[in-house]
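Scroll down for the structure; my scribbles are underneath it.
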Amino acid sequence: MPGTVVVGTQWGDEGKGKLTDLLAPDMDMVVRYQGGHNAGHTIVVGDQSFAVRLVPSGILHPGTMNVIGNGVVVDPRVLLEELDTLGGRGIDTSNLVVSGNAHLILPYHQEVDRLAERYLGRHKLGTTKSGIGPAYADKAARVGLRVQDLLDPKIFRQKLDVVLKEKNAMLAKVYNQLPLSADDIAGCYLDELAPRLAPRIADSVHLVHEALEAGRNVMFEGAQATFLDLDHGTYPFVTSSNPVAGGACAGAGVGPRHLDRIIGITKAYLTRVGSGPFPTELFDDAGDLLIERGREWGTNTGRRRRSGWFDAVMLRHAVRLNSLTDIFLTKLDVLDPLEVVKVCVAYEVDGERLDHLPYHQSVLHKVEPVYAELPGWQADCSGATTLDELPTEARDYVRFLAEQGGVPVRYVGVGPERLQTVRVA
């Protein structure tokens, strides 16, 4: 079967855009299956860097069709701005389509997101205030507007009037805010955005199955990552959709038999953005080094990420949840200067050793990492093109992580650029 899923195995920012871009020349189609514009993927080609948020990471390859699937929530303003930016840099974006069943992010979603975070105070979730969560909430409550509604002004306005009545009541009574205008929203979305987006709206499920049934190679690209998954992540500090590989089935409209390769993107250390448990988090010079060398600031928000040592307990759980077939290990070069590199191989809590992720959040918050210490290599890995060109200690580190996860490492990233990738096998 020609279906490949690319999924993050940590808390995001592992480098999914790089692998998707790397494999895109061999792909006939790249399908983004969930999330919204709160997730930024960075692609570095030579001396140029491209940051994409809604647009799939195969967009730099003219022969690859790019599909925003039904499981994505779409802010059409952001999408069109992103396409304009890419077009202004000489990128042909005519190979992008949007599912008519994808849900729209509307101004009241962003307003509610912003106000809710402020209302929560020190208990805030750390969202990007992009309206992602409220849009998914409306989808589940069956009051959401979909991309296809842009093609029917009468239906769009009817749905908008119904939902805005409830949203304005909440804004006024809960948050003491002025009401939003249905006329203003409809004018923007129907008069300004819909004419530009309409030629790209398509039956994405039909297109994906046409490709699969013709034996073409299709890649399913997830946003965020396993431990931000709504069901399986460190709840409530998660996203509002299902980034795990199984989410590709619902978010793109395919059955599991079409997925024959599932690549887990795994950074050589850990980072996360916002609140939530982080057993291996560092607050010392080593943590600062990871941030500085790894350029760990959010693509969209500019927020400084939290950093820590690699967590093999999390990796093993991600392997289970996603049925990983292989791993792309990224940012190995960030560890180059370190004398010692640590890997969390288990947790300890109340004198008990845990080799698996505890299901109860209160337990996860108080676990202590059990570390294996490996010698660093203190050499520059960034120019390596084969496994043999990596220092012995770096090769040992890669093998150790593969053994801990029980899944082979097929690629190793040794720098941000597309070609700075070692193919292991």
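Every chain in the structure tokens has a letter given in the order shown (A, B, ...), and although residue numbers restart at 1 in each chain, ligands are simply numbered from 1 in the order shown.
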How close does stretch 334-357 of chain A get to stretch 381-401 of chain A? List, as a Markdown table, each residue of stretch 334-357 of chain A within 9 Å, its nearest atom pair and the distance in Å to one decimal, counting only C-alpha atoms.
```
| residue | atom | partner | partner_atom | distance |
| --- | --- | --- | --- | --- |
| A:Val334 | CA | A:Cys381 | CA | 8.9 |
| A:Asp336 | CA | A:Cys381 | CA | 6.8 |
| A:Val341 | CA | A:Tyr397 | CA | 8.5 |
| A:Val343 | CA | A:Leu401 | CA | 8.4 |
```
Once you have the residues from the selection above, write them out as a PDB file, in the first residue's frame, restricted to N, CA, C and O atoms.
```pdb
ATOM      1  N   VAL A 334      22.743  19.244  17.565  1.00  0.00           N
ATOM      2  CA  VAL A 334      22.586  20.175  18.691  1.00  0.00           C
ATOM      3  C   VAL A 334      23.352  19.678  19.910  1.00  0.00           C
ATOM      4  O   VAL A 334      23.845  20.460  20.729  1.00  0.00           O
ATOM      5  N   ASP A 336      26.240  18.236  19.915  1.00  0.00           N
ATOM      6  CA  ASP A 336      27.674  18.118  19.608  1.00  0.00           C
ATOM      7  C   ASP A 336      28.624  18.547  20.729  1.00  0.00           C
ATOM      8  O   ASP A 336      29.612  17.857  20.997  1.00  0.00           O
ATOM      9  N   VAL A 341      25.766  12.897  27.616  1.00  0.00           N
ATOM     10  CA  VAL A 341      24.389  12.992  27.126  1.00  0.00           C
ATOM     11  C   VAL A 341      23.543  12.008  27.931  1.00  0.00           C
ATOM     12  O   VAL A 341      23.906  10.832  28.069  1.00  0.00           O
ATOM     13  N   VAL A 343      19.844  10.027  28.876  1.00  0.00           N
ATOM     14  CA  VAL A 343      18.593   9.511  28.329  1.00  0.00           C
ATOM     15  C   VAL A 343      17.775   8.952  29.483  1.00  0.00           C
ATOM     16  O   VAL A 343      18.267   8.120  30.263  1.00  0.00           O
TER      17      VAL A 343
END
```
Per-residue nearest contacts stretch 206-247 of chain A to stretch 7-27 of chain A, cut-off 10 Å, using only C-alpha atoms, as a Markdown table:
```
| residue | atom | partner | partner_atom | distance |
| --- | --- | --- | --- | --- |
| A:Arg216 | CA | A:Met27 | CA | 7.6 |
| A:Asn217 | CA | A:Met27 | CA | 4.9 |
| A:Val218 | CA | A:Met27 | CA | 5.8 |
| A:Met219 | CA | A:Met27 | CA | 6.6 |
| A:Phe220 | CA | A:Val7 | CA | 8.6 |
| A:Glu221 | CA | A:Val7 | CA | 6.8 |
| A:Gly222 | CA | A:Val7 | CA | 5.4 |
| A:Ala223 | CA | A:Val7 | CA | 7.6 |
| A:Gln224 | CA | A:Gly12 | CA | 4.7 |
| A:Ala225 | CA | A:Gly8 | CA | 4.2 |
| A:Thr226 | CA | A:Thr9 | CA | 5.1 |
| A:Phe227 | CA | A:Trp11 | CA | 5.3 |
| A:Leu228 | CA | A:Trp11 | CA | 5.8 |
| A:Asp229 | CA | A:Trp11 | CA | 9.0 |
| A:Gly233 | CA | A:Trp11 | CA | 8.6 |
| A:Thr234 | CA | A:Trp11 | CA | 9.2 |
| A:Val238 | CA | A:Trp11 | CA | 8.8 |
| A:Pro243 | CA | A:Val7 | CA | 7.0 |
| A:Val244 | CA | A:Val7 | CA | 6.5 |
| A:Ala245 | CA | A:Val7 | CA | 6.3 |
| A:Gly246 | CA | A:Val7 | CA | 9.9 |
| A:Gly247 | CA | A:Val7 | CA | 9.9 |
```
- Would you kindly return, as number ranges by chain, each protein, DNA or RNA residue with an atom no farther than 9 Å from any atom of stretch 290-295 of chain A, considering only C-alpha atoms and excluding same-chain residues fewer than 5 positions away? A: 269, 271, 285, 304-308, 331, 333-335
Closest contacts (stretch 184-281 of chain A/stretch 51-75 of chain A, max 8 Å, only C-alpha atoms) as CSV:
```
residue,atom,partner,partner_atom,distance
A:Ser204,CA,A:Gly69,CA,6.3
A:Val205,CA,A:Gly69,CA,7.9
A:Glu221,CA,A:Pro56,CA,7.3
A:Ala250,CA,A:Gly71,CA,6.9
A:Gly251,CA,A:Gly71,CA,3.8
A:Ala252,CA,A:Gly69,CA,5.1
A:Gly253,CA,A:Asn70,CA,7.6
```
Expected file contents, prior selection, C-alpha atoms, as a PDB file, in the first residue's frame:
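Wrote out38.pdb, looks like this:
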```
ATOM      1  CA  SER A 204     -10.541  15.687  -0.795  1.00  0.00           C
ATOM      2  CA  VAL A 205     -11.629  12.148   0.115  1.00  0.00           C
ATOM      3  CA  GLU A 221       1.236  14.828   7.461  1.00  0.00           C
ATOM      4  CA  ALA A 250     -10.478  10.193  10.234  1.00  0.00           C
ATOM      5  CA  GLY A 251      -8.774  13.425   9.191  1.00  0.00           C
ATOM      6  CA  ALA A 252      -8.157  12.373   5.594  1.00  0.00           C
ATOM      7  CA  GLY A 253     -10.976   9.865   5.069  1.00  0.00           C
TER       8      GLY A 253
END
```
Neighbours of A:Leu164 within 9 Å (only C-alpha atoms; same-chain residues fewer than 3 positions away dropped), as a PDB file with N, CA and C atoms, in the first residue's frame?
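part_16.pdb written:
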```pdb
ATOM      1  N   TYR A 108     -15.138  34.803  16.169  1.00  0.00           N
ATOM      2  CA  TYR A 108     -15.559  34.545  17.552  1.00  0.00           C
ATOM      3  C   TYR A 108     -14.777  33.401  18.177  1.00  0.00           C
ATOM      4  N   LYS A 159     -26.433  29.705   9.157  1.00  0.00           N
ATOM      5  CA  LYS A 159     -25.663  29.053  10.214  1.00  0.00           C
ATOM      6  C   LYS A 159     -24.970  30.083  11.112  1.00  0.00           C
ATOM      7  N   LEU A 160     -24.426  31.120  10.487  1.00  0.00           N
ATOM      8  CA  LEU A 160     -23.729  32.160  11.249  1.00  0.00           C
ATOM      9  C   LEU A 160     -24.676  32.860  12.216  1.00  0.00           C
ATOM     10  N   ASP A 161     -25.862  33.204  11.756  1.00  0.00           N
ATOM     11  CA  ASP A 161     -26.816  33.917  12.611  1.00  0.00           C
ATOM     12  C   ASP A 161     -27.188  33.085  13.837  1.00  0.00           C
ATOM     13  N   LYS A 167     -22.938  32.876  20.740  1.00  0.00           N
ATOM     14  CA  LYS A 167     -21.592  33.362  21.055  1.00  0.00           C
ATOM     15  C   LYS A 167     -21.637  34.772  21.640  1.00  0.00           C
ATOM     16  N   ASN A 168     -22.457  35.629  21.074  1.00  0.00           N
ATOM     17  CA  ASN A 168     -22.541  37.001  21.578  1.00  0.00           C
ATOM     18  C   ASN A 168     -23.113  37.039  22.990  1.00  0.00           C
ATOM     19  N   ALA A 169     -24.065  36.160  23.264  1.00  0.00           N
ATOM     20  CA  ALA A 169     -24.603  36.087  24.626  1.00  0.00           C
ATOM     21  C   ALA A 169     -23.506  35.694  25.611  1.00  0.00           C
ATOM     22  N   PRO A 179     -20.809  42.708  21.434  1.00  0.00           N
ATOM     23  CA  PRO A 179     -21.158  41.663  20.461  1.00  0.00           C
ATOM     24  C   PRO A 179     -20.408  41.839  19.146  1.00  0.00           C
ATOM     25  N   LEU A 180     -20.218  40.721  18.453  1.00  0.00           N
ATOM     26  CA  LEU A 180     -19.632  40.740  17.119  1.00  0.00           C
ATOM     27  C   LEU A 180     -20.740  40.879  16.085  1.00  0.00           C
ATOM     28  N   SER A 181     -20.409  41.500  14.960  1.00  0.00           N
ATOM     29  CA  SER A 181     -21.401  41.759  13.924  1.00  0.00           C
ATOM     30  C   SER A 181     -21.446  40.634  12.892  1.00  0.00           C
ATOM     31  N   ALA A 182     -22.643  40.053  12.710  1.00  0.00           N
ATOM     32  CA  ALA A 182     -22.802  39.023  11.683  1.00  0.00           C
ATOM     33  C   ALA A 182     -22.583  39.608  10.293  1.00  0.00           C
TER      34      ALA A 182
END
```
- Contacts of stretch 184-195 of chain A within 12 Å, only C-alpha atoms, excl. fewer than 6 positions in-chain, as a count of residues only: 31
- Task: Please give the complete set of residues from stretch 106-268 of chain A that DSSP, run on the backbone, assigns to alpha helix (DSSP H), formatted as a PyMOL selection string.
- Result: chain A and resi 107-120+132-140+153-173+182-186+194-197+204-213+247-252
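We find atom CA of A:Gly406 and atom CA of A:Ala346 to be spaced 14.9 Å apart.
Backbone DSSP over stretch 9-94 of chain A gives strand (DSSP E) for Met29, Val30, Val31, Arg32, His41, Thr42, Ile43, Val44, Val45, Gln48, Ser49, Phe50, Ala51, Val52, Met65, Asn66, Val67, Ile68, Val73 and Val74 of chain A.
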- Item | Coordinates-based distance that separates atom CA of A:Gly274 from atom CA of A:Val363 (Å, one decimal) | 19.7 Å
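Minimum atom-to-atom distances from A:Asp326, A:Asp92, A:Glu296, A:Asp203 to A:Val424 were compared using only C-alpha atoms, and the lowest value belongs to A:Asp326.
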- Query: Hey, which of A:Leu338, A:Leu354, A:Val163, A:Ala211 ends up closest to A:Gly144? Count only C-alpha atoms.
  - Reply: A:Val163
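Among the candidate residues A:Leu171, A:Val254, A:Ala268, A:Ala402, the one lying nearest to A:Val112 is A:Leu171, with distances computed using only C-alpha atoms.
Atom CA of A:Gly405 lies 5.8 Å from atom CA of A:Leu315.
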